[in-house]
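Q: Contents are mmCIF, N, CA, C and O atoms; file name structure39.cif:
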data_query
#
loop_
_atom_site.label_atom_id
_atom_site.label_comp_id
_atom_site.auth_asym_id
_atom_site.auth_seq_id
_atom_site.Cartn_x
_atom_site.Cartn_y
_atom_site.Cartn_z
N MET A 166 -5.83 -10.70 -25.23
CA MET A 166 -5.01 -10.98 -24.07
C MET A 166 -5.74 -10.49 -22.82
O MET A 166 -6.03 -9.31 -22.69
N LYS A 167 -6.02 -11.38 -21.91
CA LYS A 167 -6.75 -11.03 -20.69
C LYS A 167 -5.81 -10.99 -19.50
O LYS A 167 -4.99 -11.86 -19.32
N SER A 168 -5.98 -9.97 -18.69
CA SER A 168 -5.17 -9.83 -17.48
C SER A 168 -6.09 -9.43 -16.34
O SER A 168 -7.07 -8.72 -16.54
N THR A 169 -5.77 -9.90 -15.14
CA THR A 169 -6.61 -9.55 -13.98
C THR A 169 -6.47 -8.09 -13.60
O THR A 169 -7.29 -7.56 -12.88
N ALA A 170 -5.41 -7.43 -14.06
CA ALA A 170 -5.20 -6.03 -13.71
C ALA A 170 -5.47 -5.10 -14.88
O ALA A 170 -4.91 -4.04 -14.99
N SER A 171 -6.31 -5.52 -15.83
CA SER A 171 -6.64 -4.64 -16.94
C SER A 171 -8.15 -4.49 -17.03
O SER A 171 -8.91 -5.34 -16.58
N GLY A 172 -8.57 -3.39 -17.60
CA GLY A 172 -10.00 -3.18 -17.79
C GLY A 172 -10.76 -3.09 -16.49
O GLY A 172 -10.42 -2.32 -15.59
N LEU A 173 -11.80 -3.91 -16.38
CA LEU A 173 -12.65 -3.91 -15.19
C LEU A 173 -11.86 -4.29 -13.94
O LEU A 173 -12.08 -3.73 -12.87
N GLY A 174 -10.94 -5.24 -14.07
CA GLY A 174 -10.14 -5.65 -12.91
C GLY A 174 -9.31 -4.51 -12.35
O GLY A 174 -9.25 -4.29 -11.14
N ALA A 175 -8.67 -3.74 -13.24
CA ALA A 175 -7.86 -2.60 -12.79
C ALA A 175 -8.75 -1.54 -12.16
O ALA A 175 -8.40 -0.95 -11.12
N TRP A 176 -9.90 -1.29 -12.76
CA TRP A 176 -10.84 -0.32 -12.21
C TRP A 176 -11.27 -0.73 -10.81
O TRP A 176 -11.30 0.08 -9.88
N LEU A 177 -11.58 -2.02 -10.65
CA LEU A 177 -12.03 -2.53 -9.36
C LEU A 177 -10.92 -2.45 -8.31
O LEU A 177 -11.16 -2.05 -7.17
N VAL A 178 -9.70 -2.80 -8.68
CA VAL A 178 -8.57 -2.70 -7.74
C VAL A 178 -8.39 -1.26 -7.29
O VAL A 178 -8.24 -1.00 -6.09
N GLN A 179 -8.44 -0.32 -8.22
CA GLN A 179 -8.27 1.09 -7.86
C GLN A 179 -9.36 1.54 -6.89
O GLN A 179 -9.08 2.23 -5.92
N ARG A 180 -10.60 1.16 -7.15
CA ARG A 180 -11.70 1.63 -6.30
C ARG A 180 -11.69 0.98 -4.93
O ARG A 180 -11.85 1.66 -3.91
N VAL A 181 -11.48 -0.33 -4.88
CA VAL A 181 -11.48 -1.03 -3.59
C VAL A 181 -10.32 -0.57 -2.72
O VAL A 181 -10.50 -0.30 -1.53
N THR A 182 -9.14 -0.44 -3.30
CA THR A 182 -7.99 0.00 -2.51
C THR A 182 -8.16 1.44 -2.05
O THR A 182 -7.80 1.78 -0.92
N ALA A 183 -8.73 2.30 -2.89
CA ALA A 183 -8.95 3.69 -2.50
C ALA A 183 -9.93 3.78 -1.33
O ALA A 183 -9.71 4.54 -0.38
N VAL A 184 -10.99 2.99 -1.37
CA VAL A 184 -11.97 3.01 -0.28
C VAL A 184 -11.34 2.51 1.01
O VAL A 184 -11.51 3.11 2.07
N TYR A 185 -10.58 1.41 0.94
CA TYR A 185 -9.93 0.90 2.16
C TYR A 185 -8.96 1.93 2.73
O TYR A 185 -8.94 2.16 3.95
N MET A 186 -8.14 2.53 1.87
CA MET A 186 -7.17 3.50 2.36
C MET A 186 -7.85 4.71 3.00
O MET A 186 -7.40 5.19 4.04
N LEU A 187 -8.94 5.17 2.41
CA LEU A 187 -9.68 6.28 2.99
C LEU A 187 -10.24 5.91 4.36
O LEU A 187 -10.08 6.65 5.33
N LEU A 188 -10.88 4.76 4.46
CA LEU A 188 -11.44 4.32 5.73
C LEU A 188 -10.35 4.12 6.78
O LEU A 188 -10.53 4.47 7.96
N PHE A 189 -9.22 3.56 6.38
CA PHE A 189 -8.10 3.35 7.29
C PHE A 189 -7.59 4.69 7.84
O PHE A 189 -7.40 4.84 9.05
N VAL A 190 -7.36 5.66 6.95
CA VAL A 190 -6.85 6.96 7.38
C VAL A 190 -7.84 7.65 8.31
O VAL A 190 -7.45 8.22 9.34
N LEU A 191 -9.12 7.60 7.98
CA LEU A 191 -10.12 8.22 8.85
C LEU A 191 -10.18 7.53 10.21
O LEU A 191 -10.22 8.20 11.25
N ALA A 192 -10.17 6.19 10.22
CA ALA A 192 -10.24 5.45 11.48
C ALA A 192 -9.00 5.68 12.32
O ALA A 192 -9.11 5.94 13.54
N MET A 193 -7.83 5.64 11.72
CA MET A 193 -6.60 5.85 12.48
C MET A 193 -6.49 7.29 12.98
O MET A 193 -6.04 7.53 14.09
N SER A 194 -6.91 8.24 12.17
CA SER A 194 -6.89 9.64 12.60
C SER A 194 -7.81 9.84 13.81
O SER A 194 -7.42 10.48 14.79
N GLY A 195 -9.00 9.30 13.72
CA GLY A 195 -9.94 9.40 14.84
C GLY A 195 -9.41 8.74 16.09
O GLY A 195 -9.49 9.31 17.19
N PHE A 196 -8.86 7.53 15.92
CA PHE A 196 -8.33 6.81 17.08
C PHE A 196 -7.18 7.58 17.72
O PHE A 196 -7.10 7.70 18.94
N LEU A 197 -6.28 8.11 16.89
CA LEU A 197 -5.11 8.81 17.44
C LEU A 197 -5.49 10.17 18.04
O LEU A 197 -4.78 10.67 18.91
N LEU A 198 -6.57 10.76 17.57
CA LEU A 198 -7.05 11.99 18.22
C LEU A 198 -7.63 11.68 19.60
O LEU A 198 -7.45 12.45 20.55
N LEU A 199 -8.32 10.55 19.71
CA LEU A 199 -8.91 10.17 21.00
C LEU A 199 -7.89 9.59 21.97
O LEU A 199 -7.99 9.78 23.18
N TYR A 200 -6.93 8.83 21.44
CA TYR A 200 -5.93 8.16 22.28
C TYR A 200 -4.53 8.46 21.74
O TYR A 200 -3.89 7.61 21.13
N PRO A 201 -4.01 9.67 21.97
CA PRO A 201 -2.70 10.03 21.42
C PRO A 201 -1.57 9.19 22.02
O PRO A 201 -1.64 8.76 23.17
N LYS A 202 -0.56 8.97 21.22
CA LYS A 202 0.64 8.23 21.64
C LYS A 202 1.77 9.25 21.81
O LYS A 202 2.04 10.03 20.91
N HIS A 203 2.43 9.24 22.98
CA HIS A 203 3.41 10.27 23.28
C HIS A 203 4.85 9.76 23.34
O HIS A 203 5.76 10.54 23.50
N SER A 204 5.05 8.47 23.20
CA SER A 204 6.41 7.95 23.26
C SER A 204 6.56 6.79 22.28
O SER A 204 5.58 6.22 21.81
N TYR A 205 7.80 6.45 22.01
CA TYR A 205 8.08 5.33 21.12
C TYR A 205 7.51 4.04 21.70
O TYR A 205 6.96 3.21 20.96
N ALA A 206 7.63 3.85 22.99
CA ALA A 206 7.12 2.63 23.63
C ALA A 206 5.61 2.50 23.43
O ALA A 206 5.10 1.40 23.15
N GLN A 207 4.88 3.62 23.53
CA GLN A 207 3.44 3.57 23.30
C GLN A 207 3.13 3.23 21.84
O GLN A 207 2.26 2.41 21.56
N TRP A 208 3.84 3.87 20.92
CA TRP A 208 3.63 3.58 19.50
C TRP A 208 3.93 2.13 19.19
O TRP A 208 3.18 1.45 18.50
N SER A 209 5.07 1.67 19.68
CA SER A 209 5.50 0.30 19.41
C SER A 209 4.51 -0.71 19.97
O SER A 209 4.14 -1.67 19.29
N GLY A 210 4.08 -0.50 21.20
CA GLY A 210 3.11 -1.40 21.80
C GLY A 210 1.79 -1.40 21.05
O GLY A 210 1.16 -2.45 20.86
N TRP A 211 1.38 -0.24 20.58
CA TRP A 211 0.12 -0.14 19.85
C TRP A 211 0.19 -0.84 18.49
O TRP A 211 -0.69 -1.60 18.12
N VAL A 212 1.29 -0.60 17.77
CA VAL A 212 1.44 -1.21 16.44
C VAL A 212 1.63 -2.73 16.55
O VAL A 212 1.26 -3.47 15.64
N ARG A 213 2.15 -3.21 17.66
CA ARG A 213 2.35 -4.65 17.84
C ARG A 213 1.07 -5.41 18.15
O ARG A 213 1.07 -6.64 18.16
N GLN A 214 -0.01 -4.72 18.39
CA GLN A 214 -1.29 -5.41 18.59
C GLN A 214 -1.70 -6.07 17.27
O GLN A 214 -1.61 -5.43 16.22
N PRO A 215 -2.14 -7.33 17.30
CA PRO A 215 -2.40 -8.06 16.06
C PRO A 215 -3.38 -7.36 15.11
O PRO A 215 -3.12 -7.31 13.90
N LEU A 216 -4.46 -6.80 15.60
CA LEU A 216 -5.42 -6.15 14.70
C LEU A 216 -4.83 -4.91 14.04
O LEU A 216 -5.08 -4.65 12.86
N VAL A 217 -4.05 -4.15 14.79
CA VAL A 217 -3.42 -2.95 14.23
C VAL A 217 -2.38 -3.37 13.19
O VAL A 217 -2.31 -2.79 12.10
N THR A 218 -1.57 -4.38 13.51
CA THR A 218 -0.57 -4.86 12.57
C THR A 218 -1.22 -5.31 11.27
O THR A 218 -0.76 -4.97 10.18
N ILE A 219 -2.29 -6.06 11.36
CA ILE A 219 -2.99 -6.55 10.16
C ILE A 219 -3.58 -5.38 9.38
O ILE A 219 -3.48 -5.33 8.15
N ALA A 220 -4.21 -4.43 10.08
CA ALA A 220 -4.80 -3.28 9.40
C ALA A 220 -3.73 -2.46 8.67
O ALA A 220 -3.94 -2.01 7.54
N VAL A 221 -2.58 -2.27 9.31
CA VAL A 221 -1.49 -1.52 8.68
C VAL A 221 -0.94 -2.30 7.49
O VAL A 221 -0.67 -1.73 6.42
N PHE A 222 -0.79 -3.61 7.63
CA PHE A 222 -0.30 -4.44 6.53
C PHE A 222 -1.25 -4.37 5.34
O PHE A 222 -0.82 -4.19 4.19
N VAL A 223 -2.54 -4.50 5.59
CA VAL A 223 -3.53 -4.42 4.50
C VAL A 223 -3.51 -3.03 3.87
O VAL A 223 -3.64 -2.89 2.65
N PHE A 224 -3.32 -1.98 4.69
CA PHE A 224 -3.21 -0.63 4.14
C PHE A 224 -2.06 -0.54 3.15
O PHE A 224 -2.21 -0.01 2.05
N PHE A 225 -0.88 -1.04 3.54
CA PHE A 225 0.26 -0.94 2.64
C PHE A 225 0.12 -1.86 1.43
O PHE A 225 0.56 -1.51 0.33
N ALA A 226 -0.53 -3.01 1.59
CA ALA A 226 -0.82 -3.87 0.43
C ALA A 226 -1.75 -3.14 -0.53
O ALA A 226 -1.55 -3.17 -1.76
N ALA A 227 -2.75 -2.47 0.01
CA ALA A 227 -3.67 -1.69 -0.83
C ALA A 227 -2.94 -0.53 -1.51
O ALA A 227 -3.14 -0.26 -2.70
N LEU A 228 -2.08 0.16 -0.75
CA LEU A 228 -1.33 1.28 -1.31
C LEU A 228 -0.43 0.83 -2.46
O LEU A 228 -0.41 1.44 -3.54
N LEU A 229 0.31 -0.25 -2.25
CA LEU A 229 1.22 -0.73 -3.29
C LEU A 229 0.45 -1.26 -4.50
O LEU A 229 0.87 -1.07 -5.65
N SER A 230 -0.69 -1.90 -4.28
CA SER A 230 -1.52 -2.36 -5.40
C SER A 230 -2.07 -1.17 -6.18
O SER A 230 -2.09 -1.18 -7.41
N HIS A 231 -2.52 -0.17 -5.46
CA HIS A 231 -3.04 1.05 -6.07
C HIS A 231 -1.95 1.73 -6.91
O HIS A 231 -2.20 2.14 -8.05
N LEU A 232 -0.75 1.81 -6.35
CA LEU A 232 0.38 2.38 -7.07
C LEU A 232 0.70 1.59 -8.33
O LEU A 232 0.93 2.17 -9.40
N TRP A 233 0.73 0.27 -8.22
CA TRP A 233 1.06 -0.57 -9.37
C TRP A 233 0.09 -0.35 -10.51
O TRP A 233 0.48 -0.11 -11.65
N VAL A 234 -1.20 -0.43 -10.23
CA VAL A 234 -2.20 -0.29 -11.29
C VAL A 234 -2.14 1.09 -11.91
O VAL A 234 -2.15 1.24 -13.13
N GLY A 235 -2.07 2.12 -11.07
CA GLY A 235 -2.05 3.48 -11.60
C GLY A 235 -0.81 3.79 -12.43
O GLY A 235 -0.91 4.30 -13.55
N LEU A 236 0.35 3.47 -11.90
CA LEU A 236 1.59 3.76 -12.62
C LEU A 236 1.77 2.85 -13.84
O LEU A 236 2.31 3.29 -14.86
N ARG A 237 1.30 1.62 -13.74
CA ARG A 237 1.35 0.71 -14.89
C ARG A 237 0.52 1.28 -16.04
O ARG A 237 0.97 1.31 -17.19
N ASP A 238 -0.66 1.79 -15.73
CA ASP A 238 -1.51 2.38 -16.78
C ASP A 238 -0.86 3.62 -17.38
O ASP A 238 -0.93 3.83 -18.60
N VAL A 239 -0.22 4.45 -16.56
CA VAL A 239 0.48 5.63 -17.08
C VAL A 239 1.61 5.19 -18.01
O VAL A 239 1.78 5.75 -19.11
N LEU A 240 2.37 4.18 -17.61
CA LEU A 240 3.46 3.71 -18.47
C LEU A 240 2.93 3.10 -19.76
O LEU A 240 3.52 3.31 -20.83
N PHE A 241 1.83 2.36 -19.70
CA PHE A 241 1.25 1.82 -20.93
C PHE A 241 0.81 2.94 -21.87
O PHE A 241 0.93 2.82 -23.08
N ASP A 242 0.30 4.03 -21.31
CA ASP A 242 -0.19 5.13 -22.14
C ASP A 242 0.92 6.00 -22.70
O ASP A 242 0.81 6.49 -23.82
N TYR A 243 1.99 6.25 -21.92
CA TYR A 243 2.95 7.27 -22.31
C TYR A 243 4.37 6.78 -22.61
O TYR A 243 5.13 7.53 -23.22
N ALA A 244 4.76 5.61 -22.17
CA ALA A 244 6.11 5.10 -22.50
C ALA A 244 6.02 4.37 -23.83
O ALA A 244 5.52 3.25 -23.90
N ARG A 245 6.48 5.02 -24.88
CA ARG A 245 6.21 4.52 -26.22
C ARG A 245 7.11 3.41 -26.72
O ARG A 245 6.60 2.41 -27.16
N PRO A 246 8.38 3.49 -26.76
CA PRO A 246 9.07 2.30 -27.26
C PRO A 246 8.80 1.13 -26.30
O PRO A 246 8.89 1.28 -25.08
N ALA A 247 8.45 -0.01 -26.86
CA ALA A 247 8.09 -1.17 -26.03
C ALA A 247 9.23 -1.58 -25.10
O ALA A 247 9.00 -1.99 -23.97
N GLY A 248 10.46 -1.47 -25.58
CA GLY A 248 11.61 -1.82 -24.75
C GLY A 248 11.73 -0.92 -23.53
O GLY A 248 11.99 -1.38 -22.42
N LEU A 249 11.53 0.38 -23.73
CA LEU A 249 11.57 1.33 -22.62
C LEU A 249 10.45 1.03 -21.64
O LEU A 249 10.66 1.04 -20.43
N ARG A 250 9.27 0.72 -22.16
CA ARG A 250 8.13 0.41 -21.30
C ARG A 250 8.44 -0.80 -20.43
O ARG A 250 8.17 -0.81 -19.23
N ARG A 251 9.03 -1.83 -21.03
CA ARG A 251 9.37 -3.04 -20.26
C ARG A 251 10.38 -2.74 -19.16
O ARG A 251 10.26 -3.24 -18.04
N VAL A 252 11.38 -1.94 -19.48
CA VAL A 252 12.40 -1.59 -18.49
C VAL A 252 11.77 -0.79 -17.34
O VAL A 252 12.04 -1.05 -16.16
N LEU A 253 10.94 0.17 -17.67
CA LEU A 253 10.30 0.98 -16.65
C LEU A 253 9.34 0.15 -15.80
O LEU A 253 9.27 0.33 -14.58
N LEU A 254 8.60 -0.76 -16.42
CA LEU A 254 7.71 -1.64 -15.66
C LEU A 254 8.50 -2.56 -14.73
O LEU A 254 8.10 -2.79 -13.59
N ALA A 255 9.62 -3.07 -15.21
CA ALA A 255 10.46 -3.92 -14.37
C ALA A 255 11.03 -3.13 -13.20
O ALA A 255 11.05 -3.61 -12.06
N ALA A 256 11.48 -1.89 -13.46
CA ALA A 256 12.00 -1.05 -12.38
C ALA A 256 10.91 -0.74 -11.37
O ALA A 256 11.15 -0.78 -10.15
N LEU A 257 9.72 -0.45 -11.85
CA LEU A 257 8.59 -0.19 -10.96
C LEU A 257 8.26 -1.42 -10.12
O LEU A 257 8.06 -1.31 -8.91
N ALA A 258 8.22 -2.57 -10.75
CA ALA A 258 7.93 -3.81 -10.02
C ALA A 258 8.98 -4.08 -8.95
O ALA A 258 8.64 -4.46 -7.82
N LEU A 259 10.25 -3.88 -9.28
CA LEU A 259 11.32 -4.08 -8.30
C LEU A 259 11.21 -3.09 -7.15
O LEU A 259 11.38 -3.46 -5.97
N ALA A 260 10.92 -1.83 -7.46
CA ALA A 260 10.79 -0.82 -6.41
C ALA A 260 9.62 -1.15 -5.48
O ALA A 260 9.76 -1.08 -4.25
N LEU A 261 8.48 -1.53 -6.05
CA LEU A 261 7.32 -1.85 -5.22
C LEU A 261 7.55 -3.13 -4.41
O LEU A 261 7.13 -3.22 -3.25
N ALA A 262 8.24 -4.10 -5.00
CA ALA A 262 8.56 -5.33 -4.26
C ALA A 262 9.50 -5.01 -3.10
O ALA A 262 9.35 -5.55 -1.99
N GLY A 263 10.47 -4.13 -3.34
CA GLY A 263 11.36 -3.72 -2.26
C GLY A 263 10.61 -3.02 -1.13
O GLY A 263 10.86 -3.26 0.05
N MET A 264 9.68 -2.16 -1.51
CA MET A 264 8.87 -1.48 -0.49
C MET A 264 8.01 -2.48 0.29
O MET A 264 7.86 -2.36 1.51
N ALA A 265 7.47 -3.47 -0.41
CA ALA A 265 6.66 -4.49 0.26
C ALA A 265 7.50 -5.28 1.26
O ALA A 265 7.06 -5.53 2.40
N LEU A 266 8.70 -5.65 0.87
CA LEU A 266 9.59 -6.38 1.79
C LEU A 266 9.96 -5.52 2.99
O LEU A 266 10.06 -6.02 4.11
N TRP A 267 10.15 -4.24 2.77
CA TRP A 267 10.49 -3.32 3.85
C TRP A 267 9.33 -3.23 4.85
O TRP A 267 9.53 -3.29 6.06
N VAL A 268 8.11 -3.12 4.35
CA VAL A 268 6.94 -3.08 5.23
C VAL A 268 6.82 -4.38 6.02
O VAL A 268 6.57 -4.36 7.23
N ILE A 269 7.01 -5.51 5.35
CA ILE A 269 6.93 -6.81 6.03
C ILE A 269 7.99 -6.89 7.12
O ILE A 269 7.73 -7.35 8.24
N ARG A 270 9.20 -6.44 6.80
CA ARG A 270 10.28 -6.46 7.80
C ARG A 270 9.92 -5.61 9.02
O ARG A 270 10.11 -6.01 10.15
N ILE A 271 9.41 -4.41 8.77
CA ILE A 271 9.07 -3.51 9.87
C ILE A 271 7.95 -4.09 10.73
O ILE A 271 8.01 -4.04 11.96
N LEU A 272 6.93 -4.66 10.10
CA LEU A 272 5.75 -5.11 10.85
C LEU A 272 5.92 -6.47 11.52
O LEU A 272 5.35 -6.71 12.57
N PHE A 273 6.67 -7.38 10.88
CA PHE A 273 6.66 -8.76 11.35
C PHE A 273 7.99 -9.27 11.89
O PHE A 273 8.01 -10.30 12.56
N TRP A 274 9.12 -8.63 11.59
CA TRP A 274 10.40 -9.07 12.15
C TRP A 274 10.76 -8.14 13.29
O TRP A 274 11.27 -7.06 13.10
N ARG A 275 10.50 -8.61 14.47
CA ARG A 275 10.74 -7.75 15.66
C ARG A 275 11.91 -8.26 16.40
O ARG A 275 12.16 -8.87 17.19
#
Output the structure of this file as structure tokens.
A:
Amino acid sequence: MKSTASGLGAWLVQRVTAVYMLLFVLAMSGFLLLYPKHSYAQWSGWVRQPLVTIAVFVFFAALLSHLWVGLRDVLFDYARPAGLRRVLLAALALALAGMALWVIRILFWR
């Protein structure tokens, strides 16, 4: 049984998302140290810039993908009855989908 999120694919997802998240955090930390935001209006205006919105969206997509692969592997390794594993995977998928919708709502529905 082949899956895009198993074996080499899962390893690659974990590494690529980790690198992006690290670079994002370093870049945003540096930017915010150089150009601090002191009010909600400044934050809102900054996040509404298209490049920042896209970078934040990709960050959260990477974070949720990283979470899915990592927690899925933990559940495959330690949740022993197959029925329990399926329930936990479904709950995880629903929780991550809810978080994804929340991020989309925050970033794109203004």
Q: Do a neighbour search on region 175-187 of chain A at 8 Å with all atoms listed in the file, toss out local chain neighbours closer than 4 positions, and write the hits as a PyMOL selection string.
A: chain A and resi 168-171+191-194+220+223-228+230-232+234-235
Q: For a test of reading the model, state the distance in Å between CA of Lys202 (chain A) and CA of Met264 (chain A), rounded to one decimal.
A: 25.5 Å
Q: Which residue, A:Trp211, A:Trp233, A:Phe222, A:Tyr200, has the smallest gap to Ala256 (chain A) when you use only C-alpha atoms?
A: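 Closest candidate: A:Trp233.
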Q: If we count only C-alpha atoms, what is near Arg213 (chain A) at a cut-off of 9 Å, once residues fewer than 4 positions away on the same chain are taken out, given as a list in words?
A: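 So, after excluding close chain neighbours, the residues are Trp208, Ser209, Val217, Thr218, Leu272 and Phe273 of chain A.
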Q: If you run DSSP on the backbone here, which positions in chain A get helix (DSSP H, G or I)? Please write them as number ranges by chain.
A: A: 173-199, 205-212, 215-243, 247-273
Q: What does the distance from atom O of Ser204 (chain A) to atom C of Ala265 (chain A) come to in Å, to one decimal?
A: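 Result for atom O of Ser204 (chain A) versus atom C of Ala265 (chain A): 23.6 Å, one decimal.
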Q: Let me make sure I understand: among A:Leu240, A:Ala262, A:Val268, A:Gly174, which one has the smallest atom-to-atom distance to Val221 (chain A) if we use only N, CA, C and O atoms?
A: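 Once distances to Val221 (chain A) are computed over only N, CA, C and O atoms, the minimum belongs to A:Val268.
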Q: May I have the centre and edge lengths, in Å to one decimal, of an axis-aligned box around the listed atoms of region 224-240 of chain A with 4 Å added to every side, as lines of an AutoDock Vina configuration file?
A:
center_x = -0.1
center_y = 0.9
center_z = -8.1
size_x = 15.2
size_y = 17.6
size_z = 33.5
Q: Between atom N of Ala206 (chain A) and CA of Leu229 (chain A), what is the distance, to one decimal in Å?
A: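 Separation of atom N of Ala206 (chain A) and CA of Leu229 (chain A): 27.4 Å.
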Q: Can region 222-230 of chain A be brought up to all heavy atoms and written out as a PDB file, in the coordinates of the input?
A:
ATOM      1  N   PHE A 222      -0.790  -3.610   7.630  1.00  0.00           N
ATOM      2  CA  PHE A 222      -0.300  -4.440   6.530  1.00  0.00           C
ATOM      3  C   PHE A 222      -1.250  -4.370   5.340  1.00  0.00           C
ATOM      4  O   PHE A 222      -0.820  -4.190   4.190  1.00  0.00           O
ATOM      5  CB  PHE A 222      -0.124  -5.890   6.990  1.00  0.00           C
ATOM      6  CG  PHE A 222       0.305  -6.799   5.888  1.00  0.00           C
ATOM      7  CD1 PHE A 222       1.604  -6.777   5.414  1.00  0.00           C
ATOM      8  CD2 PHE A 222      -0.600  -7.679   5.309  1.00  0.00           C
ATOM      9  CE1 PHE A 222       1.991  -7.610   4.383  1.00  0.00           C
ATOM     10  CE2 PHE A 222      -0.221  -8.509   4.278  1.00  0.00           C
ATOM     11  CZ  PHE A 222       1.088  -8.475   3.809  1.00  0.00           C
ATOM     12  N   VAL A 223      -2.540  -4.500   5.590  1.00  0.00           N
ATOM     13  CA  VAL A 223      -3.530  -4.420   4.500  1.00  0.00           C
ATOM     14  C   VAL A 223      -3.510  -3.030   3.870  1.00  0.00           C
ATOM     15  O   VAL A 223      -3.640  -2.890   2.650  1.00  0.00           O
ATOM     16  CB  VAL A 223      -4.936  -4.806   5.001  1.00  0.00           C
ATOM     17  CG1 VAL A 223      -5.992  -4.556   3.945  1.00  0.00           C
ATOM     18  CG2 VAL A 223      -4.962  -6.267   5.430  1.00  0.00           C
ATOM     19  N   PHE A 224      -3.320  -1.980   4.690  1.00  0.00           N
ATOM     20  CA  PHE A 224      -3.210  -0.630   4.140  1.00  0.00           C
ATOM     21  C   PHE A 224      -2.060  -0.540   3.150  1.00  0.00           C
ATOM     22  O   PHE A 224      -2.210  -0.010   2.050  1.00  0.00           O
ATOM     23  CB  PHE A 224      -3.018   0.398   5.262  1.00  0.00           C
ATOM     24  CG  PHE A 224      -2.714   1.773   4.749  1.00  0.00           C
ATOM     25  CD1 PHE A 224      -3.731   2.596   4.299  1.00  0.00           C
ATOM     26  CD2 PHE A 224      -1.409   2.238   4.699  1.00  0.00           C
ATOM     27  CE1 PHE A 224      -3.455   3.856   3.803  1.00  0.00           C
ATOM     28  CE2 PHE A 224      -1.127   3.502   4.210  1.00  0.00           C
ATOM     29  CZ  PHE A 224      -2.156   4.315   3.756  1.00  0.00           C
ATOM     30  N   PHE A 225      -0.880  -1.040   3.540  1.00  0.00           N
ATOM     31  CA  PHE A 225       0.260  -0.940   2.640  1.00  0.00           C
ATOM     32  C   PHE A 225       0.120  -1.860   1.430  1.00  0.00           C
ATOM     33  O   PHE A 225       0.560  -1.510   0.330  1.00  0.00           O
ATOM     34  CB  PHE A 225       1.575  -1.197   3.392  1.00  0.00           C
ATOM     35  CG  PHE A 225       2.043   0.020   4.123  1.00  0.00           C
ATOM     36  CD1 PHE A 225       1.887   0.123   5.489  1.00  0.00           C
ATOM     37  CD2 PHE A 225       2.608   1.081   3.450  1.00  0.00           C
ATOM     38  CE1 PHE A 225       2.289   1.252   6.173  1.00  0.00           C
ATOM     39  CE2 PHE A 225       3.021   2.229   4.116  1.00  0.00           C
ATOM     40  CZ  PHE A 225       2.863   2.311   5.482  1.00  0.00           C
ATOM     41  N   ALA A 226      -0.530  -3.010   1.590  1.00  0.00           N
ATOM     42  CA  ALA A 226      -0.820  -3.870   0.430  1.00  0.00           C
ATOM     43  C   ALA A 226      -1.750  -3.140  -0.530  1.00  0.00           C
ATOM     44  O   ALA A 226      -1.550  -3.170  -1.760  1.00  0.00           O
ATOM     45  CB  ALA A 226      -1.424  -5.192   0.890  1.00  0.00           C
ATOM     46  N   ALA A 227      -2.750  -2.470   0.010  1.00  0.00           N
ATOM     47  CA  ALA A 227      -3.670  -1.690  -0.830  1.00  0.00           C
ATOM     48  C   ALA A 227      -2.940  -0.530  -1.510  1.00  0.00           C
ATOM     49  O   ALA A 227      -3.140  -0.260  -2.700  1.00  0.00           O
ATOM     50  CB  ALA A 227      -4.833  -1.167   0.011  1.00  0.00           C
ATOM     51  N   LEU A 228      -2.080   0.160  -0.750  1.00  0.00           N
ATOM     52  CA  LEU A 228      -1.330   1.280  -1.310  1.00  0.00           C
ATOM     53  C   LEU A 228      -0.430   0.830  -2.460  1.00  0.00           C
ATOM     54  O   LEU A 228      -0.410   1.440  -3.540  1.00  0.00           O
ATOM     55  CB  LEU A 228      -0.500   1.947  -0.211  1.00  0.00           C
ATOM     56  CG  LEU A 228       0.380   3.119  -0.643  1.00  0.00           C
ATOM     57  CD1 LEU A 228      -0.476   4.288  -1.117  1.00  0.00           C
ATOM     58  CD2 LEU A 228       1.277   3.536   0.509  1.00  0.00           C
ATOM     59  N   LEU A 229       0.310  -0.250  -2.250  1.00  0.00           N
ATOM     60  CA  LEU A 229       1.220  -0.730  -3.290  1.00  0.00           C
ATOM     61  C   LEU A 229       0.450  -1.260  -4.500  1.00  0.00           C
ATOM     62  O   LEU A 229       0.870  -1.070  -5.650  1.00  0.00           O
ATOM     63  CB  LEU A 229       2.160  -1.784  -2.715  1.00  0.00           C
ATOM     64  CG  LEU A 229       3.142  -1.252  -1.664  1.00  0.00           C
ATOM     65  CD1 LEU A 229       3.936  -2.386  -1.037  1.00  0.00           C
ATOM     66  CD2 LEU A 229       4.061  -0.187  -2.239  1.00  0.00           C
ATOM     67  N   SER A 230      -0.690  -1.900  -4.280  1.00  0.00           N
ATOM     68  CA  SER A 230      -1.520  -2.360  -5.400  1.00  0.00           C
ATOM     69  C   SER A 230      -2.070  -1.170  -6.180  1.00  0.00           C
ATOM     70  O   SER A 230      -2.090  -1.180  -7.410  1.00  0.00           O
ATOM     71  CB  SER A 230      -2.688  -3.208  -4.885  1.00  0.00           C
ATOM     72  OG  SER A 230      -2.226  -4.338  -4.220  1.00  0.00           O
TER      73      SER A 230
END
